[in-house]
Amino acid sequence: MKRRDFLKSSGLASTALFVPSFVQAYGATGVIPSHKKIVILQLSGGNDGLNTLVPYTNDIYFKNRNTIARNKKDVLVINDSHGFHESLTDFKSLYDAGFVSVINNVGYPNPSRSHFRSTDIWHTASGAGEYLKTGWVGRYLEEVVKKPLGAIEVDDTLSLLMKGHSINGLATKDASLFYKTTKDAYFGKIIDKYTATHLSEHNLGYLYKTVVDAKSSAAQIYEKTKVYSSSQEYPNNAFGKQLKTISEFINSGLETQVYYASLGGFDTHANQLNSQKRLLEVYSKGIAAFVKDLKRTGAFKDTIILTFSEFGRRLKQNAAKGTDHGAANMVFLLGEKLKHPGMYNKPDNLANLDSNGDLIYEVDFRNIYASLIKEWLKTEPRSILSGKFKALGLV
C-alpha cells in the first residue's frame, strides 16, 4: 500500500504527520517559557472591512457603493462617523467593555491580491517578494518553545503558519477522536508485526514511525485535555466548535501558547450583503461566547485574540453587487490588557487610494506580530521575523 493512500484512508494525514518528535521533545524537558496565550483567527477569503466598520457619513463611500452601502440606520454606531455592521451586536458589546482594539489600514508594501499568496505572506511574515517555507509561529516554536505542543491548529490540516524547519505545531480538532483513531486495532497490528529496522528500507518505515509517534502523542494530549469540559453554550456551527475546543484546551492546563482557527467564505464577489451578514454574525456570536467562557475561568486575562483577513476589498462595488480583492484592512485585537482599547488609529482615508482604487496601508502587519512577540510573549522578535519591525505598544 502506498503511504499516500494509507495516510488518506487512515485519518492520520493531518495531525499525525506533525507529531513525530513529540514524545522526545515534550516528555520531561523543561516547560514552555510563558503562560500567555495567543489565539489567531483568520477571516479567510478577504473580509470587506468597509462594510464591517462602516463610514456611514462618508459621501465617497456611498458614491462607490450605491447598492451595498450600509446607512446609519443599519449600523451599530460607535462614534459620529463610524459604526459596526449590524451583525456584530455581540462583538460591539465586547468593544464597549474595552476588550477590543481596532487597528485600521493594516497591510504591507506591494500587496498581493491572490488569496493563496497573501495568506502565505501573512502566515510567514514575509515581504511581498519573499518566499519563505516556515511560518512565524513555526519559527517561534523552534527558537523559543522547542516543542510541537507549543502551537495547535484546530483543523484537519496544518497551515504554513505553524510549520518550522524541524518543529511543526499540531493539527487536531478533537483530542479524543485523535486518541481513539490511534487506538484502532489496525494500527496496533502494524506496530506489533513490524520493526523500525525492517521497515526503514522502504516507504512503510516512514509509516511505522508515524503511527508509533502518533499513538504516543495522542495519548498524552488526551490525558491532559480530558479533565475539562466547557459548560459555556457556543453557537452550533463549525466556528463555534473550534472556539469551544480552544477554550477546553486552554482551560485544561495544556501548555500550548498559540492557537489558530479560521472562518471561511469571505470572498464576496457577488451578492455580498447576505453572505457577509451571515458570516459576521457567526464570528460575533462565536467570539462573544469564547470570551465569556475564558472570563468565567479567569483565562481571559492571559489571552490575546488576533483576528485578521488576508486582504480587504476594493472601495468600489462591482456589477454583481459584491466587491473585488483589495489591499489594506483592519485587524482586531481582543483582551483584558489592551493599551489602546477602541480605535488604535484613524479609519481609512477614502480620498487617498492607490492606483488600483484600493486602500493604502498605514500599519505593517509585521509590526503587530512584533508587538505580540515582544510585549506579550516576552521574546525578541528579530530572530523570528525577517527584518526589523518595531513593536507598537499594543498589549
# chains A, B, ... in the order shown; residues from 1 in each chain; ligands from 1
call {"tool": "select_by_dssp", "arguments": {"residues": "region 217-389 of chain A", "states": "alpha helix (DSSP H)", "output": "ChimeraX atom specification"}}
result
/A:217-225,238-251,272-297,365-371
call {"tool": "select_by_dssp", "arguments": {"residues": "region 10-182 of chain A", "states": "strand (DSSP E or B)", "output": "number ranges by chain"}}
result
A: 37-43, 53-54, 76-77, 83-84, 100-107, 151-153, 163, 168, 170-171
call {"tool": "write_last_selection", "arguments": {"atoms": "C-alpha atoms", "output": "PDB file, in the first residue's frame"}}
result
ATOM      1  CA  LYS A  37      -1.810  32.584  25.123  1.00  0.00           C
ATOM      2  CA  ILE A  38      -2.405  33.961  21.638  1.00  0.00           C
ATOM      3  CA  VAL A  39      -5.457  32.855  19.669  1.00  0.00           C
ATOM      4  CA  ILE A  40      -5.195  33.683  15.961  1.00  0.00           C
ATOM      5  CA  LEU A  41      -8.433  33.784  13.973  1.00  0.00           C
ATOM      6  CA  GLN A  42      -8.451  34.289  10.210  1.00  0.00           C
ATOM      7  CA  LEU A  43     -11.482  35.526   8.293  1.00  0.00           C
ATOM      8  CA  LEU A  53     -16.542  49.192  10.180  1.00  0.00           C
ATOM      9  CA  VAL A  54     -18.880  51.418   8.181  1.00  0.00           C
ATOM     10  CA  LEU A  76     -24.201  49.837  15.348  1.00  0.00           C
ATOM     11  CA  VAL A  77     -22.982  53.385  15.883  1.00  0.00           C
ATOM     12  CA  GLY A  83     -20.431  52.056  13.170  1.00  0.00           C
ATOM     13  CA  PHE A  84     -20.062  48.290  13.138  1.00  0.00           C
ATOM     14  CA  VAL A 100     -11.334  45.352  21.577  1.00  0.00           C
ATOM     15  CA  SER A 101      -8.667  47.369  19.819  1.00  0.00           C
ATOM     16  CA  VAL A 102      -9.322  48.156  16.145  1.00  0.00           C
ATOM     17  CA  ILE A 103      -6.123  48.659  14.151  1.00  0.00           C
ATOM     18  CA  ASN A 104      -7.037  50.275  10.843  1.00  0.00           C
ATOM     19  CA  ASN A 105      -5.247  50.309   7.486  1.00  0.00           C
ATOM     20  CA  VAL A 106      -3.156  47.202   8.081  1.00  0.00           C
ATOM     21  CA  GLY A 107      -1.226  45.680   5.189  1.00  0.00           C
ATOM     22  CA  ALA A 151       1.053  25.585  18.919  1.00  0.00           C
ATOM     23  CA  ILE A 152      -2.191  23.893  17.873  1.00  0.00           C
ATOM     24  CA  GLU A 153      -4.278  24.492  14.766  1.00  0.00           C
ATOM     25  CA  LYS A 163       5.463  24.971  10.236  1.00  0.00           C
ATOM     26  CA  ASN A 168       5.856  21.940  13.498  1.00  0.00           C
ATOM     27  CA  LEU A 170      -0.043  20.174  15.791  1.00  0.00           C
ATOM     28  CA  ALA A 171      -3.300  19.996  13.844  1.00  0.00           C
TER      29      ALA A 171
END
call {"tool": "residues_around", "arguments": {"residues": "Val258 (chain A)", "least_positions_apart": "6", "cutoff": "12 Å", "atoms": "only C-alpha atoms", "output": "count of residues only"}}
result
40
call {"tool": "closest_residue", "arguments": {"among": "A:Asn47, A:Thr225, A:Ser383, A:Ser81", "to": "Glu310 (chain A)", "atoms": "only C-alpha atoms"}}
result
A:Asn47
call {"tool": "atom_distance", "arguments": {"atom1": "CA of Gly286 (chain A)", "atom2": "CA of Ala69 (chain A)"}}
result
25.2 Å
call {"tool": "closest_residue", "arguments": {"among": "A:Lys224, A:Lys63, A:Lys292, A:Lys339", "to": "Leu94 (chain A)", "atoms": "only C-alpha atoms"}}
result
A:Lys292
call {"tool": "residues_around", "arguments": {"residues": "region 319-332 of chain A", "least_positions_apart": "2", "cutoff": "8 Å", "atoms": "only C-alpha atoms", "output": "VMD selection string"}}
result
chain A and resid 46 48 to 49 67 to 68 100 to 108 111 to 113 268 to 273 305 to 309 311 to 317 334 358 to 361
call {"tool": "residues_around", "arguments": {"residues": "Asp174 (chain A)", "least_positions_apart": "6", "cutoff": "12 Å", "atoms": "only C-alpha atoms", "output": "ChimeraX atom specification"}}
result
/A:15,152-156,180-181,218,221-222,225-226,241-246,248-249
call {"tool": "residues_around", "arguments": {"residues": "Pro381 (chain A)", "least_positions_apart": "3", "cutoff": "9 Å", "atoms": "only C-alpha atoms", "output": "compact mmCIF listing (two decimals) with N, CA, C and O atoms, in the first residue's frame"}}
result
# COMPACT_ATOMS: atom_id res chain seq x y z
N TYR A 140 8.78 30.58 15.92
CA TYR A 140 8.72 30.80 17.36
C TYR A 140 8.86 29.48 18.10
O TYR A 140 9.57 29.40 19.12
N TYR A 369 2.70 41.68 14.75
CA TYR A 369 3.35 40.45 15.21
C TYR A 369 4.48 40.76 16.19
O TYR A 369 4.64 40.08 17.21
N ALA A 370 5.29 41.77 15.85
CA ALA A 370 6.41 42.14 16.73
C ALA A 370 5.90 42.52 18.11
O ALA A 370 6.52 42.20 19.13
N SER A 371 4.77 43.22 18.16
CA SER A 371 4.18 43.60 19.44
C SER A 371 3.76 42.38 20.24
O SER A 371 4.03 42.29 21.44
N LEU A 372 3.10 41.44 19.59
CA LEU A 372 2.65 40.25 20.29
C LEU A 372 3.83 39.42 20.79
O LEU A 372 3.81 38.89 21.91
N ILE A 373 4.86 39.30 19.97
CA ILE A 373 6.03 38.51 20.35
C ILE A 373 6.79 39.17 21.50
O ILE A 373 7.16 38.51 22.47
N LYS A 374 7.02 40.47 21.38
CA LYS A 374 7.83 41.16 22.38
C LYS A 374 7.04 41.50 23.64
O LYS A 374 7.50 41.27 24.76
N LYS A 378 7.09 38.05 25.47
CA LYS A 378 8.35 38.44 26.11
C LYS A 378 9.56 37.80 25.41
O LYS A 378 10.48 37.27 26.03
N ILE A 384 12.72 35.97 14.94
CA ILE A 384 11.54 35.26 14.42
C ILE A 384 11.00 35.92 13.17
O ILE A 384 10.56 35.25 12.24
N LEU A 385 11.04 37.25 13.14
CA LEU A 385 10.55 37.99 11.98
C LEU A 385 11.71 38.36 11.07
O LEU A 385 12.79 38.71 11.54
N SER A 386 11.48 38.29 9.80
CA SER A 386 12.51 38.60 8.82
C SER A 386 12.59 40.12 8.62
O SER A 386 11.85 40.70 7.84
N LYS A 388 13.57 44.15 10.69
CA LYS A 388 13.42 44.90 11.93
C LYS A 388 12.05 45.54 11.96
O LYS A 388 11.77 46.51 11.25
N PHE A 389 11.18 45.02 12.80
CA PHE A 389 9.82 45.53 12.90
C PHE A 389 9.57 45.97 14.34
O PHE A 389 9.74 45.20 15.27
N LYS A 390 9.18 47.21 14.49
CA LYS A 390 9.05 47.83 15.80
C LYS A 390 7.71 47.47 16.46
O LYS A 390 6.67 47.51 15.81
N ALA A 391 7.78 47.10 17.71
CA ALA A 391 6.55 46.85 18.47
C ALA A 391 5.77 48.15 18.62
O ALA A 391 6.34 49.24 18.71
call {"tool": "atom_distance", "arguments": {"atom1": "CA of Leu160 (chain A)", "atom2": "CA of Gly135 (chain A)"}}
result
5.3 Å
call {"tool": "atom_distance", "arguments": {"atom1": "CA of Phe290 (chain A)", "atom2": "CA of Pro55 (chain A)"}}
result
28.1 Å
call {"tool": "residues_around", "arguments": {"residues": "Glu336 (chain A)", "least_positions_apart": "6", "cutoff": "8 Å", "atoms": "only C-alpha atoms", "output": "number ranges by chain"}}
result
A: 98-99, 300-301
call {"tool": "write_last_selection", "arguments": {"atoms": "C-alpha atoms", "output": "PDB file, in the first residue's frame"}}
result
ATOM      1  CA  GLY A  98     -12.968  47.937  26.447  1.00  0.00           C
ATOM      2  CA  PHE A  99     -11.912  44.467  25.263  1.00  0.00           C
ATOM      3  CA  PHE A 300      -9.061  35.717  29.516  1.00  0.00           C
ATOM      4  CA  LYS A 301      -6.590  37.873  31.416  1.00  0.00           C
TER       5      LYS A 301
END
